[in-house]
>>> print(open('coords-v9.cif').read())   # mmCIF, C-alpha atoms and all ligand atoms
data_upload
loop_
_atom_site.label_atom_id
_atom_site.label_comp_id
_atom_site.auth_asym_id
_atom_site.auth_seq_id
_atom_site.Cartn_x
_atom_site.Cartn_y
_atom_site.Cartn_z
CA MET I 23 7.21 37.34 -14.32
CA THR I 24 7.37 33.86 -15.82
CA ALA I 25 7.19 30.39 -14.22
CA ALA I 26 10.38 28.41 -14.70
CA ILE I 27 11.01 24.71 -14.26
CA THR I 28 13.85 24.71 -11.71
CA ALA I 29 14.19 20.95 -11.04
CA VAL I 30 12.99 17.62 -12.43
CA ALA I 31 12.91 14.13 -10.96
CA GLY I 32 11.26 10.78 -11.56
CA TYR I 33 10.69 7.27 -10.32
CA VAL I 34 9.99 4.02 -12.13
CA PRO I 35 9.30 0.70 -10.39
CA GLU I 36 11.92 -2.03 -10.63
CA TYR I 37 9.86 -4.77 -12.26
CA ARG I 38 10.31 -4.96 -16.05
CA LEU I 39 7.44 -6.54 -17.96
CA THR I 40 9.03 -7.50 -21.28
CA ASN I 41 7.37 -8.30 -24.58
CA ALA I 42 8.67 -11.85 -24.12
CA GLU I 43 6.75 -12.19 -20.84
CA LEU I 44 3.60 -10.75 -22.43
CA GLU I 45 3.90 -13.44 -25.11
CA THR I 46 3.30 -15.99 -22.33
CA MET I 47 0.21 -14.11 -21.09
CA VAL I 48 -1.75 -13.21 -24.27
CA ASP I 49 -1.71 -14.03 -27.98
CA THR I 50 0.87 -11.43 -29.01
CA ASN I 51 4.47 -11.24 -30.18
CA ASP I 52 7.49 -9.01 -29.82
CA GLU I 53 7.53 -8.15 -33.53
CA TRP I 54 3.89 -6.90 -33.52
CA ILE I 55 4.36 -4.81 -30.39
CA LYS I 56 7.64 -3.25 -31.53
CA SER I 57 6.52 -2.49 -35.08
CA ARG I 58 3.07 -1.09 -34.13
CA THR I 59 4.06 0.84 -31.00
CA GLY I 60 7.85 0.91 -30.46
CA ILE I 61 7.52 -0.64 -26.96
CA GLU I 62 9.99 -3.30 -25.74
CA GLU I 63 9.28 -3.34 -22.01
CA ARG I 64 7.36 -1.41 -19.37
CA ARG I 65 7.72 -1.05 -15.57
CA ILE I 66 5.10 -2.49 -13.23
CA LEU I 67 4.52 -1.45 -9.61
CA LYS I 68 4.20 -4.64 -7.57
CA GLY I 69 3.10 -5.08 -3.97
CA GLU I 70 -0.12 -4.99 -1.98
CA ASN I 71 -1.88 -1.64 -1.56
CA GLN I 72 0.72 0.27 -3.57
CA GLY I 73 -0.84 3.22 -5.36
CA ILE I 74 0.70 6.08 -7.33
CA SER I 75 1.84 7.76 -4.11
CA ALA I 76 4.39 4.93 -3.74
CA MET I 77 6.06 6.27 -6.92
CA ALA I 78 5.27 9.98 -6.54
CA ILE I 79 6.74 10.26 -3.01
CA PRO I 80 10.28 9.14 -3.99
CA ALA I 81 10.06 11.31 -7.13
CA VAL I 82 9.12 14.44 -5.14
CA LYS I 83 11.70 13.69 -2.41
CA LEU I 84 14.41 13.50 -5.09
CA LEU I 85 13.10 16.73 -6.64
CA LEU I 86 13.45 18.62 -3.35
CA GLU I 87 16.87 17.13 -2.69
CA LYS I 88 18.10 18.20 -6.13
CA ARG I 89 16.83 21.75 -5.63
CA GLY I 90 18.08 21.82 -2.03
CA ILE I 91 14.83 22.96 -0.46
CA GLY I 92 12.66 21.63 2.36
CA ALA I 93 9.18 20.17 1.91
CA GLU I 94 7.71 22.90 4.11
CA GLU I 95 8.64 25.45 1.42
CA ILE I 96 6.19 23.98 -1.10
CA ASP I 97 3.08 26.14 -1.60
CA CYS I 98 1.08 23.85 -3.85
CA MET I 99 1.12 20.23 -5.04
CA ILE I 100 -0.73 19.30 -8.23
CA THR I 101 -0.87 15.58 -8.97
CA CYS I 102 -1.92 14.78 -12.53
CA THR I 103 -3.31 11.26 -12.75
CA VAL I 104 -6.20 9.03 -13.80
CA THR I 105 -5.18 6.34 -11.31
CA PRO I 106 -5.16 8.12 -7.93
CA ASP I 107 -4.56 6.04 -4.79
CA MET I 108 -8.28 6.49 -4.09
CA LEU I 109 -11.03 8.52 -5.75
CA PHE I 110 -10.76 10.76 -2.70
CA PRO I 111 -8.95 12.12 -0.81
CA ALA I 112 -6.68 13.56 -3.48
CA THR I 113 -3.36 11.74 -3.76
CA SER I 114 -1.69 15.18 -3.52
CA ASN I 115 -2.80 15.32 0.12
CA ILE I 116 -1.27 11.91 0.80
CA ILE I 117 2.02 12.93 -0.84
CA CYS I 118 2.15 16.21 1.12
CA ASP I 119 1.50 14.40 4.38
CA LYS I 120 4.15 11.74 3.79
CA ILE I 121 6.91 14.18 2.77
CA GLY I 122 6.09 16.85 5.38
CA ALA I 123 4.79 19.54 3.02
CA VAL I 124 2.83 21.04 5.88
CA ASN I 125 2.32 24.46 4.26
CA ALA I 126 1.09 23.22 0.90
CA PHE I 127 -2.41 22.81 -0.45
CA GLY I 128 -2.89 20.09 -2.99
CA PHE I 129 -5.32 18.66 -5.47
CA ASP I 130 -5.44 16.06 -8.23
CA LEU I 131 -6.01 16.88 -11.86
CA ALA I 132 -7.45 14.38 -14.34
CA ALA I 133 -6.81 14.99 -18.02
CA ALA I 134 -5.51 11.51 -18.91
CA CYS I 135 -2.39 11.58 -21.10
CA SER I 136 -2.50 15.39 -21.33
CA GLY I 137 -2.70 15.70 -17.54
CA PHE I 138 0.88 16.87 -17.09
CA LEU I 139 0.45 19.70 -19.63
CA TYR I 140 -2.77 20.82 -17.95
CA GLY I 141 -0.96 20.68 -14.57
CA VAL I 142 2.02 22.70 -15.81
CA THR I 143 -0.32 25.32 -17.28
CA THR I 144 -2.32 25.54 -14.03
CA GLY I 145 0.84 25.75 -11.89
CA THR I 146 2.25 28.40 -14.22
CA ALA I 147 -0.84 30.57 -13.72
CA PHE I 148 -0.43 30.28 -9.92
CA ILE I 149 3.19 31.46 -10.18
CA GLU I 150 2.54 34.21 -12.75
CA SER I 151 -0.21 35.66 -10.56
CA GLY I 152 2.41 36.24 -7.87
CA ARG I 153 0.34 34.32 -5.35
CA TYR I 154 2.63 31.29 -4.98
CA LYS I 155 6.39 30.77 -5.18
CA LYS I 156 6.89 27.01 -5.28
CA VAL I 157 4.49 24.73 -7.11
CA VAL I 158 5.22 21.02 -7.59
CA VAL I 159 3.57 19.34 -10.57
CA VAL I 160 3.56 15.54 -10.46
CA GLY I 161 2.58 13.28 -13.35
CA ALA I 162 1.97 9.77 -12.02
CA ASP I 163 -0.01 6.77 -13.17
CA LYS I 164 -0.23 3.13 -12.24
CA MET I 165 -1.80 1.94 -15.46
CA SER I 166 -1.31 -1.70 -14.45
CA ALA I 167 -4.14 -1.12 -11.94
CA ILE I 168 -6.69 -0.56 -14.73
CA VAL I 169 -5.26 -2.75 -17.51
CA ASP I 170 -6.92 -6.05 -18.38
CA PHE I 171 -3.96 -8.40 -18.71
CA THR I 172 -6.06 -10.77 -20.83
CA ASP I 173 -6.77 -8.08 -23.47
CA ARG I 174 -3.90 -7.99 -25.96
CA LYS I 175 -5.21 -4.77 -27.54
CA THR I 176 -4.42 -2.73 -24.42
CA CYS I 177 -2.19 -4.70 -22.06
CA VAL I 178 0.91 -4.36 -24.24
CA LEU I 179 0.66 -0.57 -24.32
CA PHE I 180 0.82 0.72 -20.77
CA GLY I 181 3.27 0.93 -17.85
CA ASP I 182 3.67 2.57 -14.43
CA GLY I 183 5.79 5.57 -13.43
CA ALA I 184 5.98 9.03 -11.89
CA GLY I 185 7.74 12.28 -12.75
CA ALA I 186 7.79 15.65 -10.99
CA ILE I 187 8.88 19.22 -11.67
CA LEU I 188 9.22 22.33 -9.54
CA LEU I 189 7.88 25.64 -10.85
CA GLU I 190 9.30 28.90 -9.46
CA PRO I 191 9.08 32.59 -10.44
CA ASN I 192 11.67 33.88 -12.93
CA THR I 193 12.31 37.51 -13.81
CA GLU I 194 14.63 36.91 -16.79
CA GLY I 195 12.03 35.46 -19.12
CA TYR I 196 12.94 31.78 -18.74
CA GLY I 197 10.34 29.08 -18.23
CA ILE I 198 6.87 28.48 -19.63
CA GLN I 199 6.33 30.79 -22.61
CA ASP I 200 2.99 29.64 -23.98
CA SER I 201 0.51 26.79 -23.79
CA LEU I 202 -2.28 25.66 -26.12
CA LEU I 203 -4.69 23.25 -24.49
CA HIS I 204 -7.74 21.61 -26.05
CA SER I 205 -10.41 19.10 -25.18
CA ASP I 206 -13.30 17.44 -27.02
CA GLY I 207 -15.66 15.34 -24.93
CA SER I 208 -17.20 13.73 -28.00
CA GLY I 209 -14.10 11.52 -27.94
CA ALA I 210 -15.02 10.11 -24.51
CA GLN I 211 -16.59 7.00 -26.05
CA TYR I 212 -13.33 5.87 -27.68
CA LEU I 213 -11.04 5.83 -24.66
CA ARG I 214 -12.43 5.41 -21.17
CA MET I 215 -12.91 3.32 -18.06
CA PRO I 216 -16.65 2.58 -18.33
CA ALA I 217 -17.52 1.92 -14.66
CA GLY I 218 -16.43 2.99 -11.19
CA GLY I 219 -17.57 6.61 -11.47
CA SER I 220 -20.87 8.13 -10.34
CA ALA I 221 -22.64 7.22 -13.58
CA LYS I 222 -21.94 3.53 -13.12
CA PRO I 223 -20.71 2.68 -9.62
CA ALA I 224 -18.99 -0.64 -9.01
CA THR I 225 -21.28 -3.66 -8.81
CA LEU I 226 -20.72 -7.37 -9.20
CA GLU I 227 -22.00 -6.98 -12.77
CA THR I 228 -19.57 -4.19 -13.69
CA VAL I 229 -16.68 -6.22 -12.31
CA ASN I 230 -17.76 -9.35 -14.18
CA ALA I 231 -18.20 -7.33 -17.38
CA LYS I 232 -14.61 -6.02 -16.96
CA GLU I 233 -15.84 -2.44 -16.98
CA HIS I 234 -13.18 -1.27 -14.53
CA TYR I 235 -10.48 -1.66 -17.15
CA ILE I 236 -9.33 0.65 -19.93
CA TYR I 237 -11.49 0.48 -23.04
CA GLN I 238 -9.84 1.85 -26.17
CA GLU I 239 -10.78 1.88 -29.84
CA GLY I 240 -7.16 2.07 -30.88
CA LYS I 241 -7.53 2.90 -34.55
CA THR I 242 -9.92 5.81 -33.96
CA VAL I 243 -7.79 7.23 -31.14
CA PHE I 244 -4.73 6.84 -33.35
CA LYS I 245 -6.28 8.90 -36.17
CA PHE I 246 -7.22 11.75 -33.81
CA ALA I 247 -3.87 11.61 -32.00
CA VAL I 248 -1.77 11.81 -35.16
CA THR I 249 -3.56 14.88 -36.53
CA ARG I 250 -4.36 16.76 -33.32
CA MET I 251 -0.89 16.44 -31.79
CA ALA I 252 0.88 17.45 -35.00
CA ASP I 253 -1.57 20.33 -35.58
CA VAL I 254 -1.26 21.78 -32.08
CA CYS I 255 2.56 21.71 -32.25
CA TYR I 256 2.45 23.50 -35.60
CA GLU I 257 -0.07 26.02 -34.22
CA LEU I 258 2.21 26.72 -31.22
CA LEU I 259 5.21 27.38 -33.48
CA GLN I 260 3.19 29.66 -35.78
CA LYS I 261 1.73 31.62 -32.88
CA ASN I 262 5.20 32.24 -31.44
CA HIS I 263 6.80 33.02 -34.84
CA LEU I 264 9.09 30.00 -34.63
CA THR I 265 10.10 27.19 -36.98
CA GLY I 266 11.38 23.70 -36.21
CA ASP I 267 14.94 25.06 -36.53
CA ASP I 268 14.40 27.17 -33.39
CA ILE I 269 13.41 24.15 -31.31
CA ALA I 270 16.11 22.25 -29.39
CA TRP I 271 13.87 19.41 -28.19
CA LEU I 272 10.41 17.96 -28.73
CA VAL I 273 9.07 16.14 -25.66
CA PRO I 274 6.06 14.15 -26.86
CA HIS I 275 3.67 11.98 -24.89
CA GLN I 276 4.84 8.39 -25.39
CA ALA I 277 1.82 6.45 -26.68
CA ASN I 278 3.04 5.26 -30.04
CA LEU I 279 6.25 5.83 -32.00
CA ARG I 280 4.24 6.47 -35.17
CA ILE I 281 2.28 9.30 -33.49
CA ILE I 282 5.55 10.82 -32.23
CA ASP I 283 7.08 10.67 -35.72
CA ALA I 284 4.06 12.42 -37.24
CA ALA I 285 4.36 15.34 -34.78
CA ALA I 286 8.12 15.64 -35.38
CA ASP I 287 7.63 15.58 -39.17
CA ARG I 288 4.98 18.30 -39.04
CA MET I 289 7.40 20.52 -37.10
CA GLY I 290 10.26 19.68 -39.44
CA LEU I 291 12.31 18.19 -36.61
CA SER I 292 14.88 15.41 -37.04
CA ARG I 293 14.64 12.36 -34.75
CA ASP I 294 17.77 13.36 -32.79
CA LYS I 295 15.81 16.32 -31.36
CA VAL I 296 12.96 14.15 -30.10
CA MET I 297 12.93 12.58 -26.63
CA ILE I 298 11.83 8.95 -26.95
CA ASN I 299 11.83 6.38 -24.14
CA ILE I 300 8.65 4.50 -25.05
CA GLN I 301 10.74 1.38 -25.75
CA ARG I 302 11.62 1.13 -22.04
CA TYR I 303 8.55 2.45 -20.25
CA GLY I 304 5.57 2.12 -22.62
CA ASN I 305 2.71 4.57 -22.11
CA THR I 306 2.76 5.81 -18.50
CA THR I 307 -0.06 8.32 -19.19
CA SER I 308 0.59 11.48 -17.08
CA ALA I 309 4.19 10.49 -16.35
CA THR I 310 5.62 10.25 -19.88
CA ILE I 311 6.67 13.89 -20.32
CA PRO I 312 8.28 14.50 -16.88
CA LEU I 313 10.04 11.12 -17.13
CA CYS I 314 11.56 12.24 -20.45
CA LEU I 315 12.65 15.60 -18.98
CA TRP I 316 14.24 13.76 -16.04
CA GLU I 317 16.14 11.41 -18.32
CA TRP I 318 17.34 14.13 -20.72
CA GLU I 319 17.97 16.81 -18.09
CA LYS I 320 21.77 16.74 -18.42
CA LYS I 321 21.54 17.43 -22.15
CA LEU I 322 19.31 20.47 -21.72
CA ARG I 323 20.94 23.90 -21.87
CA LYS I 324 19.83 27.20 -20.41
CA GLY I 325 17.88 29.02 -23.12
CA ASP I 326 16.91 25.88 -25.10
CA LEU I 327 13.43 26.14 -26.58
CA ILE I 328 11.49 22.96 -25.86
CA VAL I 329 8.01 21.88 -26.96
CA LEU I 330 6.03 19.52 -24.71
CA THR I 331 3.02 17.89 -26.38
CA ALA I 332 0.38 15.27 -25.61
CA PHE I 333 -2.85 13.68 -26.76
CA GLY I 334 -5.09 11.41 -24.73
CA GLY I 335 -8.41 10.36 -23.27
CA GLY I 336 -11.14 12.98 -23.20
CA PHE I 337 -10.13 13.69 -25.85
CA THR I 338 -7.54 16.08 -24.46
CA TRP I 339 -4.48 17.48 -26.18
CA GLY I 340 -2.07 20.38 -26.14
CA ALA I 341 1.41 21.80 -26.55
CA THR I 342 3.55 23.93 -24.24
CA LEU I 343 6.57 26.03 -25.16
CA VAL I 344 9.36 26.14 -22.56
CA LYS I 345 12.57 28.19 -22.44
CA TRP I 346 14.81 26.00 -20.32
CA ALA I 347 16.04 27.85 -17.25
CA TYR I 348 19.24 26.13 -16.10
CA ASP I 349 22.29 24.06 -17.00
CA THR I 350 22.94 20.80 -15.18
CA LYS I 351 26.52 20.09 -14.19
CA GLY I 352 28.00 16.61 -14.64
O1 LIG I 401 -2.17 7.58 -24.75
C1 LIG I 401 -3.53 7.71 -24.96
C2 LIG I 401 -3.86 7.81 -26.39
N1 LIG I 401 -3.74 6.53 -27.00
C3 LIG I 401 -3.11 6.40 -28.16
O2 LIG I 401 -2.60 7.36 -28.66
C4 LIG I 401 -3.14 5.05 -28.82
C5 LIG I 401 -3.53 5.19 -30.27
N2 LIG I 401 -3.63 3.92 -30.96
C6 LIG I 401 -2.57 3.15 -31.25
O3 LIG I 401 -1.46 3.46 -30.87
C7 LIG I 401 -2.79 1.95 -32.11
O4 LIG I 401 -4.09 1.99 -32.67
C8 LIG I 401 -2.58 0.60 -31.37
C9 LIG I 401 -1.12 0.41 -31.06
C10 LIG I 401 -3.41 0.58 -30.10
C11 LIG I 401 -3.02 -0.55 -32.29
O5 LIG I 401 -2.30 -0.52 -33.51
P1 LIG I 401 -3.09 -0.63 -34.91
O6 LIG I 401 -2.06 -0.61 -35.95
O7 LIG I 401 -4.11 0.46 -34.92
O8 LIG I 401 -3.72 -2.06 -34.81
P2 LIG I 401 -5.25 -2.50 -34.80
O9 LIG I 401 -5.89 -2.17 -33.52
O10 LIG I 401 -5.92 -2.03 -36.06
O11 LIG I 401 -5.08 -4.07 -34.91
C12 LIG I 401 -4.52 -4.68 -36.09
C13 LIG I 401 -4.51 -6.17 -35.88
C14 LIG I 401 -5.87 -6.74 -35.46
O12 LIG I 401 -6.01 -8.00 -36.06
P3 LIG I 401 -6.91 -8.17 -37.37
O13 LIG I 401 -8.27 -7.70 -36.97
O14 LIG I 401 -6.28 -7.31 -38.39
O15 LIG I 401 -6.80 -9.63 -37.64
C15 LIG I 401 -5.71 -6.90 -33.97
O16 LIG I 401 -6.55 -7.91 -33.47
O17 LIG I 401 -3.59 -6.51 -34.84
C16 LIG I 401 -4.27 -7.32 -33.86
N3 LIG I 401 -3.71 -7.02 -32.55
C17 LIG I 401 -2.64 -7.66 -32.05
N4 LIG I 401 -1.87 -8.63 -32.54
C18 LIG I 401 -0.84 -9.05 -31.78
C19 LIG I 401 -4.12 -6.09 -31.65
N5 LIG I 401 -3.33 -6.12 -30.57
C20 LIG I 401 -2.40 -7.07 -30.79
C21 LIG I 401 -1.32 -7.55 -30.04
N6 LIG I 401 -0.55 -8.54 -30.57
N7 LIG I 401 -0.99 -7.07 -28.83
#
>>> encode(input="coords-v9.cif", output="structure tokens", more="lines below")
Ligand code: UT7
Amino acid sequence: MTAAITAVAGYVPEYRLTNAELETMVDTNDEWIKSRTGIEERRILKGENQGISAMAIPAVKLLLEKRGIGAEEIDCMITCTVTPDMLFPATSNIICDKIGAVNAFGFDLAAACSGFLYGVTTGTAFIESGRYKKVVVVGADKMSAIVDFTDRKTCVLFGDGAGAILLEPNTEGYGIQDSLLHSDGSGAQYLRMPAGGSAKPATLETVNAKEHYIYQEGKTVFKFAVTRMADVCYELLQKNHLTGDDIAWLVPHQANLRIIDAAADRMGLSRDKVMINIQRYGNTTSATIPLCLWEWEKKLRKGDLIVLTAFGGGFTWGATLVKWAYDTKG
């Protein structure tokens, strides 16, 4: 028995933060942002006390509507995020409560930009074991909550969004075929939020020192991302006796167009087989991959082989091979 993706959905907030607006906030320019990252605008969740659940709830509601099932049928909710509504309780519990998923258990999973791949792999194991029949995996991040909008090195990169998929058992071999996941904690120093955890709880000093914002050594992260993401995609193809010609779509984490190109090149894939929406959403961390699937869903055909891949804070990285399970009408 395999675990198939049987529905996808997403949600992005209305507000568009353009490169032009960022030019009025920090010393940057549209040309630099576009040429170094590919980003033109990103969505920002506005409003008091609005956490990721405000995006995940509409995404999951749409998911259930598309699949035509009730919330009470969900067995498990996995929310992949580094920006939960609160450190605890898990945002999954809040989502389940608000949508009426009364029979589900839920937990949050933190693996930064690779979170969604880790969540899909975990959900797949639950389905393959035969223990659960309907697992929802959400990738949601409100990066604007932890971005320093006076730091031009990071504030141009990130955006807010949420995507969700439903995993169900399949007896015809469709769905998740294989997954290679990696992590290397020695990379923690290069991409992190320094304070707010148990090692350095919030104090007046940590707030004044801006330690509750993302810290990234971009160049170092870039070097690791380019090689690790391309290598793991290549490794996945080799392991499954496939070449780039067998792959219908590459769905890469959207952190930087140059990193995406490197992974596609290593697999021998042309650009028209690569899902890219970084220009409109920026880096939404856990949400990039499900948002791409949502946007491209109508172009996906039953039997298409698809590679999902990501690299991010941790360091964490991985690649997942999917045999798409359904055709979308319309
Ligand atoms: O998703 C999680 C994983 N994260 C990633 O994969 C991100 C990986 N890193 C990157 O994508 C790139 O390193 C960045 C896009 C973050 C930066 O691009 P870069 O080509 O590595 O630029 P850089 O950091 O080396 O900066 C080059 C120059 C610097 O100026 P000097 O020192 O050469 O005078 C920066 O100060 O560009 C300057 N700079 C900017 N200029 C205008 C940095 N940010 C900006 C900006 N606007 N927003």
>>> atom_distance(input="coords-v9.cif", atom1="atom CA of I:Asp287", atom2="atom CA of I:Leu213")
25.6 Å
>>> residues_around(input="coords-v9.cif", residues="stretch 320-329 of chain I", least_positions_apart="2", cutoff="7 Å", atoms="all atoms listed in the file", output="ChimeraX atom specification")
/I:268-273,318,331,341-350
>>> residues_around(input="coords-v9.cif", residues="I:Asn192", least_positions_apart="6", cutoff="8 Å", atoms="all atoms listed in the file", output="list in words")
Met23, Thr24, Ala25 and Ala26 of chain I
>>> axis_aligned_box(input="coords-v9.cif", around="ligand LIG 401 (chain I)", padding_each_side="5 Å", output="AutoDock Vina command-line options")
--center_x -4.4 --center_y -0.9 --center_z -31.6 --size_x 17.7 --size_y 27.4 --size_z 23.6
>>> atom_distance(input="coords-v9.cif", atom1="atom CA of I:Ala167", atom2="atom CA of I:Gly304")
14.8 Å
>>> residues_around(input="coords-v9.cif", residues="I:Ile311", least_positions_apart="3", cutoff="8 Å", atoms="all atoms listed in the file", output="list in words")
Phe138, Gly185, Val273, Pro274, His275, Gln276, Ser308, Cys314, Leu315 and Leu330 of chain I
>>> write_last_selection(input="coords-v9.cif", atoms="C-alpha atoms", output="PDB file, in the coordinates of the input")
ATOM      1  CA  PHE I 138       0.880  16.870 -17.090  1.00  0.00           C
ATOM      2  CA  GLY I 185       7.740  12.280 -12.750  1.00  0.00           C
ATOM      3  CA  VAL I 273       9.070  16.140 -25.660  1.00  0.00           C
ATOM      4  CA  PRO I 274       6.060  14.150 -26.860  1.00  0.00           C
ATOM      5  CA  HIS I 275       3.670  11.980 -24.890  1.00  0.00           C
ATOM      6  CA  GLN I 276       4.840   8.390 -25.390  1.00  0.00           C
ATOM      7  CA  SER I 308       0.590  11.480 -17.080  1.00  0.00           C
ATOM      8  CA  CYS I 314      11.560  12.240 -20.450  1.00  0.00           C
ATOM      9  CA  LEU I 315      12.650  15.600 -18.980  1.00  0.00           C
ATOM     10  CA  LEU I 330       6.030  19.520 -24.710  1.00  0.00           C
TER      11      LEU I 330
END
>>> atom_distance(input="coords-v9.cif", atom1="atom CA of I:Ala221", atom2="atom CA of I:Ala132")
16.8 Å
>>> residues_near_point(input="coords-v9.cif", point="(-6.7, 3.6, -9.5)", cutoff="7 Å", atoms="all atoms listed in the file", output="MDAnalysis selection string")
chainID I and resid 104:108 167:168
>>> residues_around(input="coords-v9.cif", residues="I:Leu258", least_positions_apart="3", cutoff="7 Å", atoms="all atoms listed in the file", output="mmCIF file with C-alpha atoms, in the coordinates of the input")
data_model
loop_
_atom_site.group_PDB
_atom_site.id
_atom_site.type_symbol
_atom_site.label_atom_id
_atom_site.label_comp_id
_atom_site.auth_asym_id
_atom_site.auth_seq_id
_atom_site.Cartn_x
_atom_site.Cartn_y
_atom_site.Cartn_z
ATOM 1 C CA LEU I 202 -2.280 25.660 -26.120
ATOM 2 C CA VAL I 254 -1.260 21.780 -32.080
ATOM 3 C CA CYS I 255 2.560 21.710 -32.250
ATOM 4 C CA LYS I 261 1.730 31.620 -32.880
ATOM 5 C CA ASN I 262 5.200 32.240 -31.440
ATOM 6 C CA ALA I 341 1.410 21.800 -26.550
#
>>> residues_near_ligand(input="coords-v9.cif", ligand="ligand LIG 401 (chain I)", cutoff="8 Å", atoms="all atoms listed in the file", output="MDAnalysis selection string")
chainID I and resid 48:51 54:55 58:59 134:135 173:179 213 238:245 247:248 275:278 280:281 305 307 333:335
>>> closest_residue(input="coords-v9.cif", among="I:Lys156, I:Arg293, I:Lys83, I:Arg38", to="I:Asp97", atoms="all atoms listed in the file")
I:Lys156
>>> decode(input="coords-v9.cif", residues="stretch 172-177 of chain I", atoms="all heavy atoms", output="PDB file, in the first residue's frame")
ATOM      1  N   THR I 172      14.106  46.220   8.742  1.00  0.00           N
ATOM      2  CA  THR I 172      15.158  47.224   8.517  1.00  0.00           C
ATOM      3  C   THR I 172      16.441  46.549   8.011  1.00  0.00           C
ATOM      4  O   THR I 172      17.439  47.210   7.788  1.00  0.00           O
ATOM      5  CB  THR I 172      15.485  48.008   9.818  1.00  0.00           C
ATOM      6  OG1 THR I 172      16.045  47.097  10.777  1.00  0.00           O
ATOM      7  CG2 THR I 172      14.246  48.678  10.398  1.00  0.00           C
ATOM      8  N   ASP I 173      16.396  45.214   7.866  1.00  0.00           N
ATOM      9  CA  ASP I 173      17.586  44.468   7.410  1.00  0.00           C
ATOM     10  C   ASP I 173      17.400  44.063   5.951  1.00  0.00           C
ATOM     11  O   ASP I 173      16.685  43.113   5.639  1.00  0.00           O
ATOM     12  CB  ASP I 173      17.781  43.230   8.305  1.00  0.00           C
ATOM     13  CG  ASP I 173      18.894  42.333   7.796  1.00  0.00           C
ATOM     14  OD1 ASP I 173      19.704  42.792   6.956  1.00  0.00           O
ATOM     15  OD2 ASP I 173      18.946  41.158   8.227  1.00  0.00           O
ATOM     16  N   ARG I 174      18.074  44.773   5.056  1.00  0.00           N
ATOM     17  CA  ARG I 174      17.865  44.512   3.621  1.00  0.00           C
ATOM     18  C   ARG I 174      18.338  43.130   3.187  1.00  0.00           C
ATOM     19  O   ARG I 174      17.923  42.603   2.164  1.00  0.00           O
ATOM     20  CB  ARG I 174      18.564  45.586   2.787  1.00  0.00           C
ATOM     21  CG  ARG I 174      20.083  45.514   2.816  1.00  0.00           C
ATOM     22  CD  ARG I 174      20.688  46.530   1.876  1.00  0.00           C
ATOM     23  NE  ARG I 174      22.145  46.392   1.819  1.00  0.00           N
ATOM     24  CZ  ARG I 174      22.907  47.048   0.986  1.00  0.00           C
ATOM     25  NH1 ARG I 174      22.374  47.922   0.139  1.00  0.00           N
ATOM     26  NH2 ARG I 174      24.209  46.861   0.978  1.00  0.00           N
ATOM     27  N   LYS I 175      19.231  42.523   3.980  1.00  0.00           N
ATOM     28  CA  LYS I 175      19.771  41.206   3.602  1.00  0.00           C
ATOM     29  C   LYS I 175      18.719  40.107   3.714  1.00  0.00           C
ATOM     30  O   LYS I 175      18.822  39.069   3.074  1.00  0.00           O
ATOM     31  CB  LYS I 175      20.969  40.849   4.477  1.00  0.00           C
ATOM     32  CG  LYS I 175      22.209  41.640   4.134  1.00  0.00           C
ATOM     33  CD  LYS I 175      23.406  40.994   4.820  1.00  0.00           C
ATOM     34  CE  LYS I 175      24.679  41.688   4.406  1.00  0.00           C
ATOM     35  NZ  LYS I 175      25.466  42.135   5.552  1.00  0.00           N
ATOM     36  N   THR I 176      17.734  40.297   4.594  1.00  0.00           N
ATOM     37  CA  THR I 176      16.720  39.247   4.761  1.00  0.00           C
ATOM     38  C   THR I 176      15.301  39.694   4.392  1.00  0.00           C
ATOM     39  O   THR I 176      14.509  38.876   3.921  1.00  0.00           O
ATOM     40  CB  THR I 176      16.690  38.730   6.221  1.00  0.00           C
ATOM     41  OG1 THR I 176      16.603  39.862   7.101  1.00  0.00           O
ATOM     42  CG2 THR I 176      17.908  37.899   6.554  1.00  0.00           C
ATOM     43  N   CYS I 177      14.992  40.985   4.590  1.00  0.00           N
ATOM     44  CA  CYS I 177      13.572  41.366   4.458  1.00  0.00           C
ATOM     45  C   CYS I 177      13.045  41.281   3.028  1.00  0.00           C
ATOM     46  O   CYS I 177      11.838  41.209   2.820  1.00  0.00           O
ATOM     47  CB  CYS I 177      13.295  42.745   5.060  1.00  0.00           C
ATOM     48  SG  CYS I 177      13.887  44.129   4.086  1.00  0.00           S
TER      49      CYS I 177
END
